[in-house]
Structure formats: C-alpha cells, structure tokens
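Enquirer: Enclosed is the structure file my_file.cif (mmCIF, C-alpha atoms).
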```cif
data_final
loop_
_atom_site.label_atom_id
_atom_site.label_comp_id
_atom_site.auth_asym_id
_atom_site.auth_seq_id
_atom_site.Cartn_x
_atom_site.Cartn_y
_atom_site.Cartn_z
CA MET M 124 -97.81 48.66 -151.04
CA SER M 125 -98.35 50.53 -154.26
CA LEU M 126 -101.68 48.72 -154.58
CA LEU M 127 -102.75 50.17 -151.22
CA LEU M 128 -101.71 53.67 -152.29
CA LEU M 129 -103.69 53.46 -155.51
CA GLY M 130 -106.65 51.90 -153.67
CA ILE M 131 -106.79 54.78 -151.19
CA ALA M 132 -106.51 57.25 -154.08
CA SER M 133 -109.54 55.62 -155.75
CA PHE M 134 -111.46 55.71 -152.47
CA LEU M 135 -110.79 59.44 -152.16
CA LEU M 136 -112.00 59.92 -155.74
CA LEU M 137 -115.27 58.19 -154.79
CA ASN M 138 -115.53 60.62 -151.85
CA LEU M 139 -115.16 63.46 -154.34
CA ALA M 140 -117.99 62.08 -156.46
CA ALA M 141 -120.24 61.85 -153.39
CA GLY M 142 -119.42 65.45 -152.48
CA LEU M 143 -120.81 66.61 -155.83
CA TRP M 144 -124.26 66.12 -154.28
CA ARG M 145 -123.60 69.11 -152.02
CA VAL M 146 -122.48 71.23 -154.96
CA MET M 147 -125.77 70.42 -156.69
CA ARG M 148 -128.04 71.00 -153.68
CA GLY M 149 -126.48 74.20 -152.32
CA PRO M 150 -128.56 75.83 -150.88
CA THR M 151 -126.29 78.91 -150.74
CA ALA M 152 -123.22 79.71 -152.79
CA ALA M 153 -121.07 79.35 -149.66
CA ASP M 154 -122.11 75.68 -149.31
CA ARG M 155 -121.02 75.04 -152.88
CA MET M 156 -117.75 76.82 -152.27
CA LEU M 157 -117.09 74.73 -149.13
CA ALA M 158 -117.62 71.56 -151.14
CA ALA M 159 -115.17 72.92 -153.71
CA GLN M 160 -112.64 73.55 -150.92
CA LEU M 161 -113.00 69.94 -149.79
CA PHE M 162 -112.47 68.85 -153.40
CA GLY M 163 -109.27 70.90 -153.54
CA THR M 164 -107.79 69.27 -150.45
CA THR M 165 -108.88 65.79 -151.52
CA ALA M 166 -107.31 66.36 -154.92
CA VAL M 167 -104.04 67.32 -153.21
CA ALA M 168 -104.14 64.08 -151.21
CA VAL M 169 -104.93 62.03 -154.35
CA LEU M 170 -102.02 63.63 -156.23
CA LEU M 171 -99.60 62.96 -153.35
CA LEU M 172 -100.72 59.32 -153.19
CA LEU M 173 -100.33 58.93 -156.96
CA ALA M 174 -96.89 60.56 -156.85
CA GLU M 175 -95.73 57.92 -154.37
CA GLY M 176 -97.62 55.00 -155.90
CA MET M 177 -96.54 55.55 -159.50
CA GLY M 178 -93.12 57.07 -158.79
CA GLU M 179 -93.92 60.36 -160.54
CA ALA M 180 -92.22 63.06 -158.49
CA ALA M 181 -93.67 65.83 -160.69
CA LEU M 182 -97.17 65.14 -159.33
CA ARG M 183 -96.04 66.60 -155.99
CA ASP M 184 -95.43 69.94 -157.68
CA ILE M 185 -98.91 69.77 -159.19
CA ALA M 186 -100.31 69.15 -155.70
CA LEU M 187 -98.47 72.25 -154.47
CA VAL M 188 -100.03 74.33 -157.25
CA PHE M 189 -103.48 72.92 -156.40
CA ALA M 190 -103.08 73.93 -152.76
CA LEU M 191 -102.13 77.46 -153.81
CA LEU M 192 -105.02 77.77 -156.29
CA ALA M 193 -107.56 76.59 -153.70
CA ALA M 194 -106.47 79.38 -151.35
CA VAL M 195 -106.72 82.01 -154.10
CA ALA M 196 -110.13 80.71 -155.20
CA ALA M 197 -111.58 80.90 -151.68
CA VAL M 198 -110.36 84.45 -151.06
CA ALA M 199 -111.60 85.59 -154.47
CA PHE M 200 -115.00 84.01 -153.80
CA VAL M 201 -115.44 85.82 -150.49
CA GLN M 202 -114.19 89.10 -151.93
CA ARG M 203 -116.19 89.16 -155.18
CA VAL M 204 -119.30 87.06 -154.60
CA TRP M 205 -120.04 86.43 -150.95
CA SER M 206 -119.32 89.72 -149.15
CA ARG M 207 -122.14 92.21 -148.72
CA GLY M 208 -121.36 94.19 -151.86
CA GLY M 209 -122.20 91.47 -154.36
CA ALA M 210 -125.24 90.26 -152.46
CA ASP M 211 -127.72 88.90 -154.96
CA VAL M 212 -125.38 87.41 -157.50
CA ALA M 213 -124.65 84.60 -155.06
CA ASP M 214 -127.90 82.64 -154.80
CA MET X 23 -94.29 43.83 -144.70
CA SER X 24 -91.74 45.90 -142.80
CA PRO X 25 -92.72 47.98 -139.72
CA ILE X 26 -92.32 51.18 -141.72
CA ASP X 27 -94.77 49.92 -144.33
CA LEU X 28 -97.23 48.92 -141.64
CA LEU X 29 -97.02 52.32 -139.92
CA SER X 30 -97.40 54.09 -143.24
CA ALA X 31 -100.44 51.98 -144.17
CA LEU X 32 -102.11 52.69 -140.82
CA LEU X 33 -101.54 56.45 -141.15
CA LEU X 34 -102.83 56.48 -144.73
CA LEU X 35 -105.96 54.53 -143.77
CA GLY X 36 -106.55 56.95 -140.88
CA GLY X 37 -106.26 59.86 -143.28
CA ALA X 38 -108.75 58.26 -145.68
CA ALA X 39 -111.15 57.74 -142.76
CA PHE X 40 -110.96 61.45 -141.91
CA PHE X 41 -111.61 62.43 -145.53
CA PHE X 42 -114.61 60.08 -145.53
CA ALA X 43 -115.91 61.66 -142.31
CA GLY X 44 -115.45 65.11 -143.84
CA THR X 45 -117.47 64.13 -146.91
CA VAL X 46 -120.24 62.58 -144.81
CA GLY X 47 -120.37 65.73 -142.68
CA MET X 48 -120.47 67.89 -145.79
CA LEU X 49 -123.50 65.94 -147.01
CA ARG X 50 -125.36 65.55 -143.72
CA PHE X 51 -124.78 68.69 -141.62
CA PRO X 52 -127.59 71.26 -141.59
CA ASP X 53 -126.00 74.68 -142.23
CA VAL X 54 -122.93 76.44 -143.53
CA PHE X 55 -121.23 76.77 -140.13
CA SER X 56 -121.49 73.12 -139.18
CA ARG X 57 -120.32 72.19 -142.69
CA LEU X 58 -117.26 74.39 -142.11
CA HIS X 59 -116.57 72.25 -139.04
CA ALA X 60 -116.74 69.04 -141.08
CA LEU X 61 -114.60 70.53 -143.85
CA THR X 62 -111.74 71.75 -141.67
CA LYS X 63 -111.44 68.48 -139.77
CA GLY X 64 -111.32 66.52 -143.00
CA ASP X 65 -108.85 68.96 -144.53
CA ASN X 66 -106.37 69.41 -141.73
CA VAL X 67 -106.26 65.99 -140.08
CA GLY X 68 -107.04 63.91 -143.16
CA LEU X 69 -104.33 65.54 -145.24
CA GLY X 70 -102.02 65.64 -142.22
CA LEU X 71 -102.24 61.88 -141.66
CA THR X 72 -101.84 61.25 -145.40
CA VAL X 73 -98.73 63.45 -145.49
CA LEU X 74 -97.31 61.69 -142.40
CA GLY X 75 -98.01 58.27 -143.90
CA LEU X 76 -96.20 59.24 -147.10
CA ALA X 77 -93.37 61.02 -145.25
CA VAL X 78 -92.30 57.94 -143.25
CA ARG X 79 -91.69 56.02 -146.49
CA ALA X 80 -90.30 58.91 -148.58
CA GLU X 81 -86.93 58.33 -150.20
CA SER X 82 -85.24 61.61 -149.27
CA LEU X 83 -85.50 64.51 -146.84
CA ALA X 84 -86.27 66.87 -149.70
CA VAL X 85 -89.47 64.95 -150.43
CA VAL X 86 -90.44 65.08 -146.74
CA GLY X 87 -89.86 68.83 -146.77
CA LYS X 88 -92.04 69.29 -149.82
CA LEU X 89 -94.84 67.18 -148.30
CA LEU X 90 -94.72 69.22 -145.07
CA LEU X 91 -94.70 72.44 -147.09
CA ILE X 92 -97.86 71.39 -148.92
CA TRP X 93 -99.54 70.48 -145.65
CA ILE X 94 -98.65 73.78 -143.95
CA LEU X 95 -99.87 75.68 -147.00
CA VAL X 96 -103.22 73.85 -146.88
CA LEU X 97 -103.48 74.52 -143.13
CA LEU X 98 -102.94 78.26 -143.55
CA ALA X 99 -105.22 78.52 -146.58
CA GLY X 100 -107.96 76.46 -144.95
CA ALA X 101 -107.92 78.50 -141.74
CA THR X 102 -108.03 81.78 -143.64
CA ALA X 103 -110.76 80.71 -146.04
CA SER X 104 -112.95 79.21 -143.31
CA HIS X 105 -112.66 82.35 -141.22
CA LEU X 106 -113.56 84.59 -144.16
CA ILE X 107 -116.53 82.48 -145.23
CA ALA X 108 -117.89 82.16 -141.67
CA ARG X 109 -117.59 85.90 -140.98
CA SER X 110 -119.19 87.02 -144.22
CA SER X 111 -121.97 84.42 -143.82
CA LEU X 112 -122.77 85.88 -140.39
CA ARG X 113 -122.76 89.38 -141.83
CA ARG X 114 -125.18 88.30 -144.56
CA GLY X 115 -127.58 87.33 -141.79
CA ILE X 116 -127.37 83.53 -142.00
CA LYS X 117 -128.38 82.25 -138.55
CA PRO X 118 -126.36 79.37 -137.06
CA TRP X 119 -128.47 76.22 -136.84
CA MET X 120 -130.02 75.46 -133.44
CA ALA X 121 -131.35 72.09 -132.32
CA PRO X 122 -135.15 72.31 -132.58
#
```
Produce structure tokens that represent the structure in this file.

Expert:
Amino acid sequence: MSLLLLGIASFLLLNLAAGLWRVMRGPTAADRMLAAQLFGTTAVAVLLLLAEGMGEAALRDIALVFALLAAVAAVAFVQRVWSRGGADVAD
Amino acid sequence: MSPIDLLSALLLLGGAAFFFAGTVGMLRFPDVFSRLHALTKGDNVGLGLTVLGLAVRAESLAVVGKLLLIWILVLLAGATASHLIARSSLRRGIKPWMAP
C-alpha cells in the first residue's frame, strides 16, 4: 500500500513538472499565477501522501502551512500586481 | 488487500486522475478564464478525493480532522483566489475566449 502512495506522489510530481510549461509560456502574469496555484494544491496532496506513506505525521502540518501560504500569495498577487493600479509591471 | 485498502486506493487514483486532468487543462486551454475552470476542478475534487482516500485509512480521528481542515482551507482559498483573479482580469480588459 505504501508503494501505491509513493507512486501516486511521484506521478503528481511529474504533473508539477509538466505544469512548468505554462509558467514559462504565460502569456499573462495571471496565467503564471494560476499555474503556481495548481502547484500549491498539488504540493499539499504530495505532502499528505508522503505523510501517510512514510509515517511522518509532521508532514501534515507542513501541508497545512502550504495551503495557508498559497492563499496569501494569491491575494497578494491580485492586490499588488494584477489589479488596475499596478498595470504594466505584470506583463 | 482489505476492502478499506481497496476503497482507499480507488479514491487516491481518482484524485490523481483529477490532478492530471487539471494539469492537461492548464496546458491546453486557450485563455485565463478557461484555465481557471481547469484549475479549480483539479484543486477541489482532486485534493478532495485524495483527502478522502487518506481519511478512510487514517489511524485516528484527529488525523481525519486535520485532513478535512486542510481540504476546507484549500476550498476557501481556491474559491477566493479564483474569484479575485477572474474579476481583475475582466477589469483589465481581457476578453473571454470565444469559439472561432
């Protein structure tokens, strides 16, 4: 069972690597930020799978912190970069 | 393999499939709004199924509670962030993609 957990975690990591293509291509800053949001959630899932597969309960707390940081990052992005005020910094 | 293990494996594989679909959508969809659609489905359902699959085989109720807490946090954060990004993209004048 632990093999399955670690296998799924590796598969999600490969998904992450594929998503980097979107970060590179853009075209707008919002597209890059969306890819980063997907990375955040995938990282949470990977950490939860690793916590169960390797028996490291502390990884669940790290996943919790990741989820919180992703929310803060998205709100800060919209507020400082993507809203009308900071127009041309974005692209 | 016990029934619990089987159920957990099915849920986890379903979650991985949703994450895969989210990544494919992120790479293939044409504009920021349709990519939001791909992202939120991958986020909410993919992580939800993963959390469920881990919760059925968790050793204590405290662990289940923490898993659910993480999922609810991601749901709230994802909904808020998607709404903010979509609204400010519209206000910047990005037109939603139409089929040609």

Enquirer: Using the chain letters and numbers from the file, which residues does the PyMOL selection byres ((chain M) within 7 of (chain X)) grab, as a PyMOL selection string?

Expert: chain M and resi 131+135+138+142+145+154+161+164+168+187+190+194+197-198+201+205-207

Enquirer: Could you list as a list in words every residue that has an atom within 9 Å of (-96.7, 66.6, -154.8), using the file's coordinates and counting only C-alpha atoms?

Expert: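 Checking each residue against the 9 Å limit leaves Val167, Ala168, Leu170, Leu171, Leu172, Leu173, Ala174, Glu175, Glu179, Ala180, Ala181, Leu182, Arg183, Asp184, Ile185, Ala186, Leu187 and Val188 of chain M; Val85, Lys88, Leu89 and Ile92 of chain X.
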
Enquirer: Kindly give the distance, in Å, that separates atom CA of X:His59 and atom CA of M:Leu128, rounded to a single decimal.

Expert: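 Calculated distance between atom CA of X:His59 and atom CA of M:Leu128 is 27.2 Å.
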
Enquirer: If I wrap all listed atoms of stretch 88-98 of chain X in a box with edges along x, y and z and add 5 Å on each side, what are its centre and edge lengths in Å to one decimal, as AutoDock Vina command-line options?

Expert:
```
--center_x -97.8 --center_y 72.7 --center_z -146.5 --size_x 21.4 --size_y 21.1 --size_z 16.7
```

Enquirer: Kindly resolve the PyMOL selection byres ((chain X and resi 121) around 12) on the present coordinates and return the residues as a PyMOL selection string.

Expert: chain X and resi 51-53+118-120+122
